[in-house]
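Chemist: This is the content of coords_29.txt (compact mmCIF, C-alpha atoms):
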# COMPACT_ATOMS: atom_id res chain seq x y z
CA MET A 1 0.00 0.00 0.00
CA LYS A 2 1.16 3.49 -0.75
CA VAL A 3 1.62 5.76 2.25
CA GLU A 4 2.59 9.41 2.46
CA LEU A 5 3.69 10.89 5.74
CA THR A 6 6.04 13.43 7.23
CA VAL A 7 9.03 12.18 9.18
CA ASN A 8 11.07 14.73 11.10
CA GLY A 9 9.66 17.45 8.89
CA GLU A 10 10.51 15.71 5.61
CA PRO A 11 7.73 14.37 3.38
CA VAL A 12 8.25 10.69 2.58
CA ARG A 13 6.46 8.13 0.41
CA LEU A 14 6.40 4.44 1.19
CA ASP A 15 5.00 1.36 -0.48
CA VAL A 16 4.56 -1.19 2.29
CA GLU A 17 2.76 -4.37 3.20
CA PRO A 18 -0.10 -3.66 5.63
CA ARG A 19 1.66 -5.72 8.30
CA ARG A 20 4.75 -3.48 8.18
CA THR A 21 4.91 -1.82 11.59
CA LEU A 22 5.71 1.88 11.72
CA ALA A 23 8.89 0.92 13.59
CA ASP A 24 10.05 -1.42 10.81
CA ALA A 25 9.13 1.14 8.14
CA LEU A 26 11.23 3.77 9.91
CA ARG A 27 14.17 1.44 10.42
CA GLU A 28 14.15 -0.71 7.28
CA ASP A 29 12.54 1.48 4.61
CA LEU A 30 13.75 4.89 5.76
CA SER A 31 17.03 3.78 7.40
CA LEU A 32 16.15 5.73 10.54
CA THR A 33 17.63 3.17 12.90
CA GLY A 34 17.56 5.51 15.88
CA THR A 35 14.15 4.10 16.77
CA HIS A 36 15.04 0.88 18.57
CA LEU A 37 13.05 -2.33 18.82
CA GLY A 38 13.26 -4.22 22.09
CA CYS A 39 10.23 -6.39 22.78
CA GLU A 40 8.15 -5.65 19.66
CA HIS A 41 4.91 -6.10 21.56
CA GLY A 42 4.41 -2.86 23.39
CA VAL A 43 6.11 -3.48 26.72
CA CYS A 44 9.59 -1.93 26.68
CA GLY A 45 9.02 1.53 25.18
CA ALA A 46 12.28 1.59 23.18
CA CYS A 47 10.41 2.29 19.92
CA THR A 48 8.42 5.27 21.24
CA VAL A 49 7.99 8.02 18.64
CA LEU A 50 5.70 11.04 18.37
CA VAL A 51 2.79 10.71 15.96
CA ASP A 52 1.13 14.11 15.48
CA ASP A 53 2.88 15.18 18.70
CA GLU A 54 1.43 12.32 20.77
CA PRO A 55 3.68 9.51 22.01
CA ALA A 56 3.07 6.13 20.39
CA ARG A 57 4.71 2.74 20.41
CA ALA A 58 5.95 2.41 16.83
CA CYS A 59 5.78 -1.39 17.16
CA LEU A 60 2.03 -1.20 17.90
CA MET A 61 1.14 0.89 14.85
CA PHE A 62 1.19 -0.13 11.23
CA ALA A 63 2.90 2.19 8.78
CA VAL A 64 -0.34 2.33 6.75
CA GLN A 65 -2.02 3.89 9.80
CA ALA A 66 0.46 6.75 9.72
CA ASP A 67 -0.73 7.88 6.28
CA GLY A 68 -0.95 11.67 6.42
CA ALA A 69 0.59 11.83 9.90
CA SER A 70 3.62 13.71 11.13
CA VAL A 71 6.14 11.46 12.88
CA THR A 72 9.06 12.58 15.04
CA THR A 73 11.89 10.16 15.80
CA VAL A 74 15.02 10.64 17.86
CA GLU A 75 16.83 11.70 14.68
CA GLY A 76 14.51 14.71 14.51
CA ILE A 77 15.09 16.28 17.90
CA GLU A 78 18.55 17.82 17.45
CA SER A 79 18.73 21.27 15.88
CA PRO A 80 19.34 21.53 12.13
CA ASP A 81 23.00 22.47 12.71
CA GLY A 82 23.58 19.21 14.57
CA GLN A 83 23.50 20.69 18.07
CA LEU A 84 22.12 18.14 20.53
CA HIS A 85 18.72 18.85 22.08
CA PRO A 86 18.99 20.11 25.70
CA LEU A 87 17.44 16.81 26.81
CA GLN A 88 20.19 14.90 25.02
CA GLU A 89 22.81 17.15 26.64
CA ALA A 90 21.23 16.49 30.03
CA PHE A 91 21.25 12.72 29.48
CA VAL A 92 24.98 12.95 28.72
CA ALA A 93 25.69 15.19 31.71
CA HIS A 94 23.69 13.14 34.22
CA HIS A 95 24.60 9.62 33.14
CA GLY A 96 21.10 9.10 31.81
CA LEU A 97 22.33 6.29 29.59
CA GLN A 98 24.83 3.49 29.63
CA CYS A 99 24.40 1.06 26.75
CA GLY A 100 22.04 3.46 25.01
CA PHE A 101 19.51 0.93 23.79
CA CYS A 102 16.53 2.46 25.59
CA THR A 103 17.69 6.04 25.08
CA PRO A 104 15.76 6.96 21.91
CA GLY A 105 12.48 5.93 23.53
CA MET A 106 13.47 7.64 26.78
CA LEU A 107 14.23 10.89 24.95
CA ILE A 108 10.98 10.90 22.99
CA SER A 109 8.91 10.09 26.09
CA ALA A 110 10.79 12.75 28.05
CA LEU A 111 10.22 15.29 25.28
CA HIS A 112 6.47 14.71 25.48
CA LEU A 113 6.63 14.77 29.28
CA LEU A 114 8.31 18.19 29.32
CA ARG A 115 5.86 19.56 26.76
CA THR A 116 2.91 18.48 28.89
CA HIS A 117 4.50 19.00 32.33
CA PRO A 118 7.03 21.84 32.03
CA GLU A 119 8.18 21.53 35.66
CA PRO A 120 7.60 17.93 36.71
CA SER A 121 8.35 16.60 40.18
CA ARG A 122 10.55 13.51 40.47
CA GLU A 123 7.41 11.53 41.26
CA THR A 124 5.70 12.77 38.09
CA ILE A 125 8.78 11.95 36.03
CA ARG A 126 8.88 8.40 37.40
CA ALA A 127 5.17 7.88 36.75
CA GLU A 128 5.19 9.39 33.27
CA MET A 129 8.36 7.53 32.26
CA SER A 130 7.17 4.20 33.67
CA GLY A 131 6.46 2.87 30.18
CA ASN A 132 10.13 2.92 29.24
CA ILE A 133 12.37 0.17 30.54
CA CYS A 134 16.12 0.59 31.06
CA ARG A 135 18.32 -2.32 32.08
CA CYS A 136 21.50 -0.33 32.86
CA THR A 137 21.13 2.88 34.76
CA GLY A 138 18.76 2.14 37.61
CA TYR A 139 16.74 5.13 36.40
CA ALA A 140 18.13 7.69 38.88
CA GLY A 141 20.35 9.27 36.21
CA ILE A 142 17.44 9.39 33.77
CA VAL A 143 15.21 11.14 36.29
CA ASP A 144 18.07 13.54 37.12
CA ALA A 145 18.57 14.32 33.44
CA ILE A 146 14.91 15.06 32.78
CA GLN A 147 14.67 17.24 35.84
CA ALA A 148 17.78 19.14 34.80
CA ALA A 149 16.49 19.65 31.28
CA ALA A 150 13.20 20.93 32.70
CA ARG A 151 14.99 23.67 34.61
CA PRO A 152 17.99 24.59 32.54
CA CYS A 153 20.24 26.26 35.05
CA PRO A 154 23.86 26.51 33.88
CA GLY A 155 26.31 25.53 36.57
CA GLU A 156 23.79 23.44 38.51
CA SER A 157 22.27 21.23 35.89
CA GLY A 158 25.51 20.46 34.15
CA LEU A 159 24.04 21.71 30.91
CA PRO A 160 26.64 23.47 28.81
CA ALA A 161 25.78 27.13 28.42
CA HIS A 162 24.96 27.48 24.76
CA MET B 1 9.32 -16.66 18.87
CA PRO B 2 8.06 -14.62 15.91
CA VAL B 3 7.37 -11.03 16.78
CA LYS B 4 6.02 -9.93 13.41
CA PRO B 5 2.34 -10.15 12.51
CA ALA B 6 1.31 -12.67 9.88
CA PRO B 7 0.05 -11.14 6.61
CA PHE B 8 -3.43 -9.65 6.62
CA GLU B 9 -5.60 -7.56 4.35
CA TYR B 10 -6.06 -3.98 5.54
CA LEU B 11 -9.31 -2.09 5.03
CA ARG B 12 -9.67 1.51 6.12
CA ALA B 13 -13.32 2.20 6.90
CA ALA B 14 -14.59 5.71 6.30
CA SER B 15 -17.84 5.20 8.21
CA VAL B 16 -19.48 2.87 10.70
CA ASP B 17 -21.63 1.46 7.91
CA GLU B 18 -18.56 0.70 5.85
CA ALA B 19 -16.93 -1.06 8.81
CA VAL B 20 -20.03 -3.17 9.49
CA ALA B 21 -20.33 -4.02 5.78
CA ALA B 22 -16.68 -5.10 5.73
CA LEU B 23 -17.20 -7.33 8.79
CA ALA B 24 -20.32 -8.87 7.23
CA SER B 25 -18.64 -9.48 3.89
CA CYS B 26 -15.66 -11.17 5.57
CA GLY B 27 -18.05 -13.32 7.60
CA ALA B 28 -19.86 -14.38 4.44
CA ASP B 29 -16.54 -15.39 2.85
CA GLY B 30 -15.48 -17.34 5.93
CA ARG B 31 -12.62 -14.94 6.58
CA GLU B 32 -11.83 -13.77 10.10
CA ALA B 33 -11.93 -9.99 10.44
CA LYS B 34 -10.96 -7.85 13.43
CA ILE B 35 -11.62 -4.21 14.15
CA LEU B 36 -8.40 -2.19 14.54
CA ALA B 37 -8.98 0.75 16.87
CA GLY B 38 -6.14 1.80 19.19
CA GLY B 39 -4.34 -1.50 18.62
CA GLN B 40 -2.77 -1.53 22.06
CA SER B 41 -4.16 -4.98 22.88
CA LEU B 42 -4.72 -6.38 19.39
CA VAL B 43 -1.31 -5.61 17.85
CA PRO B 44 0.67 -7.41 20.60
CA LEU B 45 -1.55 -10.47 19.98
CA LEU B 46 -0.81 -10.16 16.24
CA ALA B 47 2.91 -9.74 16.88
CA LEU B 48 2.98 -12.88 19.01
CA ARG B 49 0.70 -14.58 16.46
CA MET B 50 -1.79 -15.45 19.16
CA ALA B 51 -4.30 -13.83 16.79
CA ARG B 52 -4.11 -14.29 13.00
CA PRO B 53 -7.09 -12.54 11.43
CA ASP B 54 -7.36 -12.47 7.65
CA VAL B 55 -8.54 -8.89 7.58
CA LEU B 56 -8.12 -5.82 9.78
CA VAL B 57 -10.81 -3.16 9.52
CA ASP B 58 -9.24 0.12 10.66
CA ILE B 59 -11.85 2.46 12.14
CA ASN B 60 -9.43 5.21 13.21
CA ARG B 61 -10.54 7.49 10.34
CA VAL B 62 -14.27 7.14 11.08
CA ALA B 63 -15.59 10.58 12.01
CA ASP B 64 -17.80 11.22 15.05
CA LEU B 65 -16.61 8.23 17.05
CA SER B 66 -14.49 10.33 19.44
CA ASP B 67 -17.21 12.54 20.87
CA LEU B 68 -17.77 13.02 24.59
CA ALA B 69 -21.18 14.33 25.68
CA LEU B 70 -22.69 14.73 29.15
CA VAL B 71 -26.48 14.37 28.96
CA ASN B 72 -28.69 14.14 32.06
CA GLY B 73 -25.97 12.75 34.30
CA VAL B 74 -24.68 10.22 31.78
CA LEU B 75 -21.37 10.61 29.95
CA HIS B 76 -21.62 9.26 26.42
CA VAL B 77 -18.18 8.20 25.25
CA GLY B 78 -17.52 7.61 21.56
CA ALA B 79 -15.88 4.30 20.75
CA LEU B 80 -12.60 5.86 19.60
CA THR B 81 -12.15 8.12 22.63
CA ARG B 82 -8.53 7.65 23.71
CA HIS B 83 -7.67 6.89 27.33
CA SER B 84 -5.73 10.16 27.44
CA ALA B 85 -8.96 12.06 26.67
CA LEU B 86 -10.86 10.12 29.34
CA ALA B 87 -8.13 10.97 31.84
CA THR B 88 -8.38 14.71 31.19
CA GLN B 89 -12.19 15.14 30.95
CA THR B 90 -13.84 16.48 34.10
CA ASP B 91 -17.48 15.38 33.67
CA HIS B 92 -16.92 11.88 35.07
CA PRO B 93 -14.25 12.02 37.80
CA LEU B 94 -14.32 8.25 38.43
CA LEU B 95 -13.67 7.56 34.75
CA ALA B 96 -10.87 10.14 34.71
CA GLU B 97 -9.23 8.56 37.76
CA ALA B 98 -9.52 5.06 36.28
CA ALA B 99 -8.10 6.16 32.90
CA ARG B 100 -4.99 7.55 34.59
CA TRP B 101 -4.21 4.01 35.77
CA ILE B 102 -4.33 2.54 32.26
CA GLY B 103 -0.91 1.72 30.87
CA HIS B 104 1.58 4.48 30.10
CA PRO B 105 1.34 7.79 28.17
CA ALA B 106 2.16 6.13 24.83
CA ILE B 107 -0.55 3.51 25.50
CA ARG B 108 -3.15 6.04 26.68
CA SER B 109 -2.65 8.24 23.61
CA ARG B 110 -3.67 5.35 21.31
CA GLY B 111 -5.85 2.94 23.31
CA THR B 112 -9.62 3.44 23.07
CA ALA B 113 -12.59 3.13 25.42
CA ALA B 114 -14.59 0.69 23.30
CA GLY B 115 -11.48 -1.26 22.35
CA SER B 116 -10.77 -1.90 26.00
CA LEU B 117 -14.29 -3.20 26.63
CA ALA B 118 -14.38 -5.29 23.44
CA HIS B 119 -11.05 -6.89 24.37
CA ALA B 120 -12.72 -8.04 27.63
CA ASP B 121 -9.58 -8.34 29.72
CA PRO B 122 -10.88 -8.96 33.26
CA SER B 123 -8.08 -6.87 34.75
CA ALA B 124 -8.83 -3.82 32.58
CA GLU B 125 -9.78 -0.71 34.54
CA LEU B 126 -12.56 0.41 32.17
CA SER B 127 -14.36 -2.95 32.31
CA VAL B 128 -14.57 -2.77 36.10
CA VAL B 129 -15.69 0.87 36.04
CA ALA B 130 -18.29 0.12 33.35
CA VAL B 131 -19.74 -2.70 35.45
CA ALA B 132 -19.72 -0.59 38.62
CA CYS B 133 -21.41 2.38 36.93
CA GLY B 134 -24.00 0.25 35.15
CA ALA B 135 -22.74 1.50 31.80
CA THR B 136 -24.48 0.55 28.59
CA VAL B 137 -22.87 -0.01 25.20
CA SER B 138 -24.31 0.80 21.79
CA VAL B 139 -23.49 -1.98 19.38
CA VAL B 140 -24.05 -1.87 15.66
CA GLY B 141 -24.27 -4.89 13.40
CA PRO B 142 -25.87 -5.90 10.10
CA GLY B 143 -29.28 -5.97 11.82
CA GLY B 144 -28.98 -2.44 13.13
CA VAL B 145 -28.17 -0.91 16.48
CA ARG B 146 -28.68 -2.58 19.85
CA SER B 147 -28.04 -1.40 23.36
CA ALA B 148 -26.75 -3.69 26.11
CA PRO B 149 -25.50 -3.42 29.68
CA ALA B 150 -21.70 -3.41 29.61
CA ALA B 151 -21.80 -6.16 32.25
CA ASP B 152 -23.47 -8.47 29.71
CA LEU B 153 -20.52 -8.13 27.34
CA PHE B 154 -18.16 -10.18 29.42
CA THR B 155 -18.32 -13.98 29.38
CA GLY B 156 -14.73 -14.82 30.34
CA PRO B 157 -11.13 -13.67 29.94
CA LEU B 158 -10.87 -12.04 26.48
CA MET B 159 -14.31 -13.42 25.63
CA SER B 160 -17.38 -11.30 24.98
CA THR B 161 -20.92 -11.55 23.65
CA LEU B 162 -20.04 -9.30 20.70
CA ALA B 163 -20.73 -11.11 17.43
CA GLU B 164 -18.01 -11.31 14.78
CA ASP B 165 -19.88 -8.76 12.68
CA GLU B 166 -20.63 -6.27 15.46
CA LEU B 167 -18.89 -3.11 16.54
CA ILE B 168 -19.27 -0.96 19.68
CA THR B 169 -19.97 2.64 18.67
CA SER B 170 -20.32 4.26 22.09
CA VAL B 171 -20.37 3.58 25.81
CA SER B 172 -22.65 5.47 28.21
CA PHE B 173 -21.35 5.85 31.76
CA PRO B 174 -23.79 7.20 34.39
CA VAL B 175 -21.93 9.66 36.62
CA PRO B 176 -22.01 8.47 40.25
CA ALA B 177 -22.62 10.99 43.02
CA ARG B 178 -20.10 9.23 45.24
CA TRP B 179 -17.37 6.90 44.16
CA GLY B 180 -14.08 5.27 45.08
CA PHE B 181 -11.32 3.71 43.00
CA ALA B 182 -8.33 1.71 44.18
CA GLU B 183 -5.94 -0.49 42.26
CA PHE B 184 -2.70 -2.32 42.85
CA ALA B 185 -0.10 -3.15 40.21
CA ARG B 186 3.55 -3.93 40.82
CA ARG B 187 4.63 -1.03 38.61
CA HIS B 188 2.55 2.04 37.72
CA GLY B 189 0.86 1.32 34.41
CA ASP B 190 1.17 -2.44 34.55
CA PHE B 191 -1.90 -4.64 34.44
CA ALA B 192 -3.72 -4.42 37.73
CA LEU B 193 -3.54 -7.38 40.07
CA VAL B 194 -6.77 -6.23 41.70
CA THR B 195 -9.03 -3.24 41.06
CA ALA B 196 -11.85 -2.14 43.39
CA VAL B 197 -14.52 0.34 42.31
CA VAL B 198 -17.43 1.81 44.28
CA ALA B 199 -20.01 3.82 42.34
CA ASP B 200 -22.99 5.00 44.42
CA GLY B 201 -24.46 1.70 45.69
CA ALA B 202 -22.49 -0.59 43.40
CA ILE B 203 -19.33 -2.53 44.19
CA ALA B 204 -17.23 -4.08 41.42
CA LEU B 205 -13.90 -5.88 41.58
CA GLY B 206 -11.44 -6.77 38.85
CA GLY B 207 -8.71 -9.38 39.01
CA VAL B 208 -10.54 -11.78 41.32
CA SER B 209 -12.67 -13.61 38.76
CA ALA B 210 -12.92 -14.33 35.04
CA VAL B 211 -15.10 -11.27 34.51
CA PRO B 212 -15.55 -8.09 36.59
CA MET B 213 -17.42 -9.13 39.74
CA ARG B 214 -20.35 -7.41 41.42
CA SER B 215 -20.97 -8.24 45.06
CA ALA B 216 -24.67 -8.64 45.89
CA ALA B 217 -24.06 -9.20 49.61
CA GLY B 218 -21.70 -6.25 49.86
CA GLU B 219 -24.11 -3.98 48.04
CA ARG B 220 -27.01 -4.99 50.31
CA LEU B 221 -24.95 -4.03 53.37
CA LEU B 222 -23.82 -0.81 51.71
CA ALA B 223 -27.44 0.14 50.96
CA GLY B 224 -28.33 -0.60 54.59
CA GLY B 225 -25.67 1.79 55.89
CA GLY B 226 -23.04 -0.85 56.65
CA SER B 227 -19.54 0.19 57.70
CA VAL B 228 -16.38 -0.36 55.66
CA GLY B 229 -15.52 -3.36 57.85
CA GLU B 230 -18.94 -4.96 57.49
CA VAL B 231 -19.09 -4.45 53.74
CA THR B 232 -15.58 -5.74 53.06
CA ALA B 233 -16.24 -8.81 55.25
CA ALA B 234 -19.38 -9.61 53.24
CA VAL B 235 -17.56 -9.14 49.92
CA CYS B 236 -14.62 -11.22 51.14
CA ALA B 237 -16.98 -14.12 51.87
CA GLU B 238 -18.13 -14.03 48.23
CA LEU B 239 -14.62 -14.00 46.76
CA ASP B 240 -13.13 -17.06 45.14
CA PRO B 241 -10.04 -15.77 43.31
CA THR B 242 -7.73 -18.01 41.30
CA GLY B 243 -4.01 -17.82 41.83
CA ASP B 244 -1.67 -17.43 38.89
CA LEU B 245 1.89 -16.49 37.99
CA HIS B 246 1.35 -12.90 39.11
CA ALA B 247 -0.41 -13.38 42.44
CA SER B 248 -1.57 -16.31 44.55
CA ALA B 249 -5.24 -16.70 45.46
CA PRO B 250 -4.76 -15.70 49.13
CA TYR B 251 -2.77 -12.63 48.04
CA ARG B 252 -5.49 -11.56 45.59
CA ARG B 253 -8.07 -12.00 48.35
CA ALA B 254 -6.02 -9.88 50.76
CA LEU B 255 -5.51 -7.21 48.11
CA ALA B 256 -9.23 -7.16 47.31
CA VAL B 257 -10.12 -6.57 50.97
CA GLU B 258 -7.56 -3.80 51.37
CA LEU B 259 -8.37 -2.05 48.07
CA LEU B 260 -12.12 -2.30 48.56
CA GLY B 261 -11.68 -0.73 52.00
CA ARG B 262 -9.80 2.16 50.42
CA ALA B 263 -12.43 2.61 47.69
CA LEU B 264 -15.26 2.55 50.23
CA ARG B 265 -13.52 5.13 52.42
CA GLN B 266 -12.91 7.33 49.38
CA ALA B 267 -16.64 7.07 48.63
CA GLY B 268 -17.37 8.36 52.12
CA VAL B 269 -18.56 5.09 53.68
CA PRO B 270 -18.05 5.28 57.48
CA CYS B 271 -15.34 3.10 59.00
Take the structure from the file and write it as structure tokens.
Modeler:
Amino acid sequence: MKVELTVNGEPVRLDVEPRRTLADALREDLSLTGTHLGCEHGVCGACTVLVDDEPARACLMFAVQADGASVTTVEGIESPDGQLHPLQEAFVAHHGLQCGFCTPGMLISALHLLRTHPEPSRETIRAEMSGNICRCTGYAGIVDAIQAAARPCPGESGLPAH
Amino acid sequence: MPVKPAPFEYLRAASVDEAVAALASCGADGREAKILAGGQSLVPLLALRMARPDVLVDINRVADLSDLALVNGVLHVGALTRHSALATQTDHPLLAEAARWIGHPAIRSRGTAAGSLAHADPSAELSVVAVACGATVSVVGPGGVRSAPAADLFTGPLMSTLAEDELITSVSFPVPARWGFAEFARRHGDFALVTAVVADGAIALGGVSAVPMRSAAGERLLAGGGSVGEVTAAVCAELDPTGDLHASAPYRRALAVELLGRALRQAGVPC
């Protein structure tokens, strides 16, 4: 089936089988391998992307369902000149990742969290991020990073002043 | 273990009539068709190949199925209303509270009210709330529209009275004057081990039986002004939970007593 959508601001056309998940279409057809696949049945959160600004598990959506939609993946969150997003900077500064497998999903979920809760408490962060599983960091660094990115405060948050 | 769905034909319905016609035509051809709404329960089953329908009928583009309307103390919820919209509406506080316990943000932004009921998972929050509130569902099929108590939908785990060629178009939830909601899951957003809901005079529990359970004895005591202790004791005597991998039978029983006590107290029942 022919599908037209916008990915990270760029219009794209696909011709996919109906069973092609959005995650596979992004990774295999568009070579956007930043979206990771862990469990492939909606449990781990690694494949989380934004579809029309709402978070979605890309493994639980078919690419044909994204026809006409605007999709944001981790590749789309840095600035056009390649500068990392403040959330990405905060994850680096606060040891919010180790192996990095869960990180794309963490970043996308955190981006939506900060858009909907500009100043979240640690409790809110833990609840809102509960759909993303990390096997390395023990989560404390991830919560630290999101909190720091929410209140960019050079010198305290570890965010480089740029 | 394969984690890719088997091939299927994909039909995008533009209207309820088109969806019903597609279901009927598949039935006539002997092909299995499933409605694809939010996909948060169906797609995992497809990925694990526990379900292998021939056809998916996508209703996400059907207009007018996402409306919320409060009429005479009843909140009418369109089939495609996402859990995130239920969680943020203010007309039905019990429904909003329950929706906040469903899954995670990325699940709530896709999963739908009618999809949850049609899936008939006995641990699903909305099923228990629908039974407690005495909700009714509007169901459309080739013969037209019928209305049924939500409680009559459920016949067992993942089993419902919906026919293969029927589709829920809306769910009507009466708004209770007093209510309580309590749930326990090991991690926020996981499937509930036990859910307890009080809505006016009704008591419903999830996770202790194959379908959401009403307690006749507990409700009689509640109507007669019984205390939290008296009501929970009566409900406890009616419980016969089954143990499984996630929780033993005695643990589910203990959770049900504790959570029902919390829900009753939240509803203002005297201790």
Chemist: In Å, rounded to a single decimal, give me how far atom CA of Cys102 of chain A is from atom CA of Gly38 of chain A.
Modeler: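 Value for the atom CA of Gly38 of chain A-atom CA of Cys102 of chain A distance: 8.2 Å.
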Chemist: Using only C-alpha atoms, what table do you get, as a Markdown table, when you list each residue of chain A with an atom no more than 10 Å from chain B, its nearest pair of atoms, and their distance in Å rounded to one decimal, rows by chain then rising number?
Modeler:
| residue | atom | partner | partner_atom | distance |
| --- | --- | --- | --- | --- |
| A:Met1 | CA | B:Tyr10 | CA | 9.1 |
| A:Glu17 | CA | B:Pro7 | CA | 8.1 |
| A:Pro18 | CA | B:Tyr10 | CA | 6.0 |
| A:Arg19 | CA | B:Pro7 | CA | 5.9 |
| A:Arg20 | CA | B:Pro5 | CA | 8.3 |
| A:Thr21 | CA | B:Lys4 | CA | 8.4 |
| A:Asp24 | CA | B:Lys4 | CA | 9.8 |
| A:Cys39 | CA | B:Val3 | CA | 8.1 |
| A:Glu40 | CA | B:Val3 | CA | 6.2 |
| A:His41 | CA | B:Pro44 | CA | 4.5 |
| A:Gly42 | CA | B:Pro44 | CA | 6.5 |
| A:Val43 | CA | B:Pro44 | CA | 9.1 |
| A:Gly45 | CA | B:Ala106 | CA | 8.3 |
| A:Thr48 | CA | B:Ala106 | CA | 7.3 |
| A:Val49 | CA | B:Ala106 | CA | 8.7 |
| A:Leu50 | CA | B:Ala106 | CA | 8.9 |
| A:Val51 | CA | B:Ser109 | CA | 9.7 |
| A:Glu54 | CA | B:Ser109 | CA | 6.4 |
| A:Pro55 | CA | B:Ala106 | CA | 4.7 |
| A:Ala56 | CA | B:Ala106 | CA | 4.5 |
| A:Arg57 | CA | B:Ala106 | CA | 6.1 |
| A:Ala58 | CA | B:Ala106 | CA | 9.6 |
| A:Cys59 | CA | B:Val43 | CA | 8.3 |
| A:Leu60 | CA | B:Val43 | CA | 5.5 |
| A:Met61 | CA | B:Gly39 | CA | 7.1 |
| A:Phe62 | CA | B:Val43 | CA | 9.0 |
| A:Val64 | CA | B:Tyr10 | CA | 8.6 |
| A:Gln65 | CA | B:Asp58 | CA | 8.2 |
| A:Ser109 | CA | B:Ala106 | CA | 7.9 |
| A:His112 | CA | B:Pro105 | CA | 9.0 |
| A:Leu113 | CA | B:Pro105 | CA | 8.8 |
| A:Arg126 | CA | B:His188 | CA | 9.0 |
| A:Ala127 | CA | B:His188 | CA | 6.5 |
| A:Glu128 | CA | B:Pro105 | CA | 6.6 |
| A:Met129 | CA | B:His104 | CA | 7.7 |
| A:Ser130 | CA | B:His188 | CA | 6.5 |
| A:Gly131 | CA | B:His104 | CA | 5.1 |
| A:Asn132 | CA | B:His104 | CA | 8.7 |
Chemist: Quick one: pull the distance between atom CA of His76 of chain B and atom CA of Phe173 of chain B, Å, one decimal.
Modeler: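 Separating atom CA of His76 of chain B from atom CA of Phe173 of chain B is a distance of 6.3 Å.
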Chemist: Within 10 Å of His85 of chain A, counting only C-alpha atoms, which residues qualify if same-chain residues fewer than 2 places away don't, as an NGL selection string?
Modeler: :A and (74 or 76-79 or 82-83 or 87-91 or 107 or 111 or 149)
Chemist: Give as a list in words every residue, naming chains and numbers as the document does, that has an atom within 10 Å of (18.9, 2.3, 20.4), counting all atoms listed in the file.
Modeler: Thr33, Gly34, Thr35, His36, Leu37, Gly38, Ala46, Cys47, Val74, Cys99, Gly100, Phe101, Cys102, Thr103, Pro104, Gly105 and Met106 of chain A
Chemist: Would you compute the distance between atom CA of Gly73 of chain B and atom CA of Leu205 of chain B? Give it in Å to one decimal.
Modeler: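 Computing the Euclidean distance for atom CA of Gly73 of chain B and atom CA of Leu205 of chain B yields 23.4 Å.
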Chemist: Pick out the residues sitting within 12 Å of Glu258 of chain B, and hand them over as an mmCIF file with C-alpha atoms, keeping the file's coordinate frame; count all atoms listed in the file, and ignore anything fewer than 2 positions along from it in its own chain.
Modeler:
data_model
loop_
_atom_site.group_PDB
_atom_site.id
_atom_site.type_symbol
_atom_site.label_atom_id
_atom_site.label_comp_id
_atom_site.auth_asym_id
_atom_site.auth_seq_id
_atom_site.Cartn_x
_atom_site.Cartn_y
_atom_site.Cartn_z
ATOM 1 C CA PHE B 181 -11.320 3.710 43.000
ATOM 2 C CA ALA B 182 -8.330 1.710 44.180
ATOM 3 C CA GLU B 183 -5.940 -0.490 42.260
ATOM 4 C CA PHE B 184 -2.700 -2.320 42.850
ATOM 5 C CA VAL B 194 -6.770 -6.230 41.700
ATOM 6 C CA THR B 195 -9.030 -3.240 41.060
ATOM 7 C CA ALA B 196 -11.850 -2.140 43.390
ATOM 8 C CA LEU B 205 -13.900 -5.880 41.580
ATOM 9 C CA VAL B 228 -16.380 -0.360 55.660
ATOM 10 C CA GLY B 229 -15.520 -3.360 57.850
ATOM 11 C CA VAL B 231 -19.090 -4.450 53.740
ATOM 12 C CA THR B 232 -15.580 -5.740 53.060
ATOM 13 C CA ALA B 233 -16.240 -8.810 55.250
ATOM 14 C CA VAL B 235 -17.560 -9.140 49.920
ATOM 15 C CA CYS B 236 -14.620 -11.220 51.140
ATOM 16 C CA TYR B 251 -2.770 -12.630 48.040
ATOM 17 C CA ARG B 252 -5.490 -11.560 45.590
ATOM 18 C CA ARG B 253 -8.070 -12.000 48.350
ATOM 19 C CA ALA B 254 -6.020 -9.880 50.760
ATOM 20 C CA LEU B 255 -5.510 -7.210 48.110
ATOM 21 C CA ALA B 256 -9.230 -7.160 47.310
ATOM 22 C CA LEU B 260 -12.120 -2.300 48.560
ATOM 23 C CA GLY B 261 -11.680 -0.730 52.000
ATOM 24 C CA ARG B 262 -9.800 2.160 50.420
ATOM 25 C CA ALA B 263 -12.430 2.610 47.690
ATOM 26 C CA LEU B 264 -15.260 2.550 50.230
ATOM 27 C CA ARG B 265 -13.520 5.130 52.420
#
Chemist: Report, as JSON, the axis-aligned box around all atoms of segment 39-44 of chain A present in the file, extended by 5 Å on each side; give centre and edge lengths in Å to one decimal place.
Modeler:
{"center_x": 7.3, "center_y": -4.2, "center_z": 23.2, "size_x": 15.8, "size_y": 14.5, "size_z": 17.1}
Chemist: Taking 3 positions as the minimum chain separation for residues in the same chain, which residues sit within 12 Å of Leu23 of chain B when counting all atoms listed in the file? Answer as a ChimeraX atom specification.
Modeler: /B:11-13,16-20,26-36,53-59,140-142,163-167
Chemist: Near His92 of chain B, counting all atoms listed in the file, which residues have an atom at most 12 Å away, once you skip same-chain residues fewer than 4 positions from it, shown as a list in words?
Modeler: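 Residues near the query, excluding close chain neighbours: Leu68, Ala69, Leu70, Val71, Gly73, Val74, Leu75, His76, Val77, Ala85, Leu86, Ala87, Thr88, Ala96, Glu97, Ala98, Ala99, Val129, Ala130, Cys133, Ser172, Phe173, Pro174, Val175, Pro176, Ala177, Arg178, Trp179 and Ala199 of chain B.
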